[in-house]
Structures are given as C-alpha cells and as structure tokens.
Amino acid sequence: MAFAGQRLTANVLGVAESSAETASGSTTSTTYTATLTGGTACGVAFVAPASGTVLVHNSSFVDNSTSGRSYMTFRIRTGGTIGSGTDVVAAVDDNAVSVLGADDASFGRAVMVEGLTAGATYNCQQLFKASAGTTATFQWKKLVVQPVP
C-alpha cells in the first residue's frame, strides 16, 4: 500500500492493541484452552488496518511440571467480544510458543497475519495446552496486535 501524498491517520495505519496479565496460571489440557487455573489469558479486540495485515506478538514466562512440552498460541475471531465469533486464524502449533522442560524462562513469538478485512473488528486471544500427563504454567503473559501499514 502506498502512502505518498496521503495524510497518515490512525484509521489508515491502525492502532496497536495490547493486553497483559501478571498472575500465574496453569493447565493440564491437551487441547488448546483459554481457561487457566489461577490465571487469565490475554485478549484484545482490534480493527483491521487498511492493509488487512497485523503482527501478533505473543509472550509469557513458561515452564512445565516435568520434561513435557508447554504450548501457547493465539486465535483470531470475528467481532469485538474476546473469545466469541468465527475463527479467522485458528489455534495451531505452527503459531505457538513451544517450550520443552521444567526450566523457567520467558519466551515470545511474532506472527504476521494477512488477509483481514480492512475496517472490520476482530478479537485475538491467547490459548494454552500441555503435553499429556504434565502441567503447563504461564505467567507475565502479553499479547500485542500491531497493525502493519
């Protein structure tokens, strides 16, 4: 998208939206869930920029109860209510932060999402899972949806 000669405003470029949760939360679910015991998943509503492209930054302090794997990904759905709507980007391992083992550390990942409808409202939410028989724990979670011009 060319911006030469255009006045750059928030509705042209979009506005970054972010969410942060400090409480530690855990799951034993082997399928992606937004529900954590003792913590809350981050979620943001946003309006797609004119380009239809956003960069999703997803991060957390992560560990696992054993040598198992902990996963944290995101999904994007239609509408402004966090967790509601139709999947536009489903929760998949390909977009996940994936950590193996019980060593605590901070991890993050940025994923480019293209093809959104300019001006449409969406919601983005973190989702979590653990490998079978383990507990995945997440703390200091952050989710940022950054418009890409």
# chains A, B, ... in the order shown; residues from 1 in each chain; ligands from 1
>>> residues_around(residues="Thr33 of chain A", least_positions_apart="3", cutoff="7 Å", atoms="only C-alpha atoms", output="number ranges by chain")
A: 127-129
>>> write_last_selection(atoms="C-alpha atoms", output="PDB file, in the first residue's frame")
ATOM      1  CA  LEU A 127      -4.702 -20.248  24.185  1.00  0.00           C
ATOM      2  CA  PHE A 128      -2.684 -22.831  26.099  1.00  0.00           C
ATOM      3  CA  LYS A 129      -2.085 -26.584  26.295  1.00  0.00           C
TER       4      LYS A 129
END
>>> residues_around(residues="Gly115 of chain A", least_positions_apart="5", cutoff="10 Å", atoms="only C-alpha atoms", output="compact mmCIF listing (two decimals) with N, CA and C atoms, in the first residue's frame")
# COMPACT_ATOMS: atom_id res chain seq x y z
N ALA A 48 -9.04 -4.03 11.98
CA ALA A 48 -8.01 -4.30 10.98
C ALA A 48 -7.63 -3.02 10.24
N SER A 51 -4.37 -2.09 5.38
CA SER A 51 -3.59 -3.13 4.70
C SER A 51 -4.17 -4.53 4.89
N GLY A 52 -5.00 -4.71 5.92
CA GLY A 52 -5.52 -6.03 6.23
C GLY A 52 -4.49 -6.94 6.87
N THR A 53 -3.38 -6.36 7.34
CA THR A 53 -2.27 -7.14 7.90
C THR A 53 -1.93 -6.65 9.30
N VAL A 54 -1.75 -7.61 10.22
CA VAL A 54 -1.31 -7.29 11.58
C VAL A 54 -0.17 -8.23 11.96
N VAL A 88 -10.96 -16.88 12.27
CA VAL A 88 -10.31 -16.39 11.06
C VAL A 88 -8.91 -16.99 11.01
>>> atom_distance(atom1="atom CA of Ala132 of chain A", atom2="atom CA of Thr86 of chain A")
28.0 Å
>>> select_by_dssp(residues="chain A", states="alpha helix (DSSP H)", output="MDAnalysis selection string")
chainID A and resid 10:13
>>> closest_residue(among="A:Gln146, A:Gly79, A:Glu114, A:Ser29", to="Gly133 of chain A", atoms="only C-alpha atoms")
A:Ser29
>>> closest_atom_pairs(of="segment 101-148 of chain A", to="segment 37-42 of chain A", cutoff="10 Å", atoms="only C-alpha atoms", output="Markdown table")
| residue | atom | partner | partner_atom | distance |
| --- | --- | --- | --- | --- |
| A:Cys124 | CA | A:Cys42 | CA | 8.5 |
| A:Gln125 | CA | A:Cys42 | CA | 5.9 |
| A:Gln126 | CA | A:Ala41 | CA | 5.6 |
| A:Leu127 | CA | A:Ala41 | CA | 7.0 |
| A:Phe128 | CA | A:Ala41 | CA | 8.5 |
| A:Thr137 | CA | A:Thr37 | CA | 9.2 |
| A:Phe138 | CA | A:Gly39 | CA | 8.1 |
| A:Gln139 | CA | A:Gly39 | CA | 7.8 |
| A:Trp140 | CA | A:Gly39 | CA | 9.8 |
| A:Lys141 | CA | A:Cys42 | CA | 6.8 |
| A:Lys142 | CA | A:Cys42 | CA | 6.5 |
| A:Leu143 | CA | A:Cys42 | CA | 6.1 |
| A:Val144 | CA | A:Cys42 | CA | 9.2 |
>>> write_last_selection(atoms="N, CA and C atoms", output="mmCIF file, in the first residue's frame")
data_model
loop_
_atom_site.group_PDB
_atom_site.id
_atom_site.type_symbol
_atom_site.label_atom_id
_atom_site.label_comp_id
_atom_site.auth_asym_id
_atom_site.auth_seq_id
_atom_site.Cartn_x
_atom_site.Cartn_y
_atom_site.Cartn_z
ATOM 1 N N CYS A 124 -8.507 -11.184 19.325
ATOM 2 C CA CYS A 124 -7.375 -12.093 19.383
ATOM 3 C C CYS A 124 -7.236 -12.553 20.828
ATOM 4 N N GLN A 125 -7.040 -13.851 21.034
ATOM 5 C CA GLN A 125 -6.991 -14.408 22.383
ATOM 6 C C GLN A 125 -5.883 -15.458 22.473
ATOM 7 N N GLN A 126 -5.175 -15.455 23.610
ATOM 8 C CA GLN A 126 -4.191 -16.487 23.874
ATOM 9 C C GLN A 126 -4.874 -17.802 24.223
ATOM 10 N N LEU A 127 -4.232 -18.909 23.840
ATOM 11 C CA LEU A 127 -4.702 -20.248 24.185
ATOM 12 C C LEU A 127 -3.503 -21.083 24.607
ATOM 13 N N PHE A 128 -3.755 -22.076 25.460
ATOM 14 C CA PHE A 128 -2.684 -22.831 26.099
ATOM 15 C C PHE A 128 -2.990 -24.326 26.080
ATOM 16 N N THR A 137 2.593 -24.115 32.895
ATOM 17 C CA THR A 137 2.346 -22.905 33.683
ATOM 18 C C THR A 137 2.830 -21.684 32.914
ATOM 19 N N PHE A 138 2.006 -20.619 32.983
ATOM 20 C CA PHE A 138 2.267 -19.387 32.242
ATOM 21 C C PHE A 138 2.098 -18.197 33.178
ATOM 22 N N GLN A 139 3.037 -17.267 33.156
ATOM 23 C CA GLN A 139 2.958 -16.064 33.984
ATOM 24 C C GLN A 139 3.504 -14.885 33.180
ATOM 25 N N TRP A 140 3.117 -13.674 33.584
ATOM 26 C CA TRP A 140 3.534 -12.441 32.904
ATOM 27 C C TRP A 140 3.249 -12.534 31.407
ATOM 28 N N LYS A 141 2.007 -12.852 31.106
ATOM 29 C CA LYS A 141 1.575 -13.035 29.720
ATOM 30 C C LYS A 141 1.337 -11.674 29.054
ATOM 31 N N LYS A 142 1.704 -11.591 27.770
ATOM 32 C CA LYS A 142 1.478 -10.368 26.992
ATOM 33 C C LYS A 142 1.011 -10.752 25.599
ATOM 34 N N LEU A 143 0.087 -9.948 25.083
ATOM 35 C CA LEU A 143 -0.420 -10.136 23.730
ATOM 36 C C LEU A 143 -0.558 -8.757 23.098
ATOM 37 N N VAL A 144 0.077 -8.562 21.953
ATOM 38 C CA VAL A 144 0.018 -7.281 21.248
ATOM 39 C C VAL A 144 -0.389 -7.561 19.800
#
>>> closest_residue(among="A:Val56, A:Ala45, A:Ala90, A:Ala96", to="Tyr122 of chain A", atoms="only C-alpha atoms")
A:Ala45
>>> residues_around(residues="Val145 of chain A", least_positions_apart="5", cutoff="10 Å", atoms="only C-alpha atoms", output="list in words")
Val15, Ala16, Glu17, Ser18, Ser19, Gly43, Val44, Ala45, Phe46, Val47, Ala48, Val54, Leu55, Val56, His57, Asn58, Ala110, Val111, Met112, Val113, Asn123 and Cys124 of chain A
>>> select_by_dssp(residues="chain A", states="strand (DSSP E or B)", output="PyMOL selection string")
chain A and resi 17-21+25-27+33+35-37+39-40+43-47+53-64+69-78+87-89+97-100+105-113+121-130+136-148
>>> atom_distance(atom1="atom CA of Ala23 of chain A", atom2="atom CA of Pro147 of chain A")
27.2 Å
>>> atom_distance(atom1="atom CA of Ser70 of chain A", atom2="atom CA of Glu21 of chain A")
17.8 Å
>>> residues_around(residues="segment 103-108 of chain A", least_positions_apart="5", cutoff="8 Å", atoms="only C-alpha atoms", output="JSON, numbers by chain")
{"A": [57, 58, 59, 60, 61, 62, 63, 64, 97]}
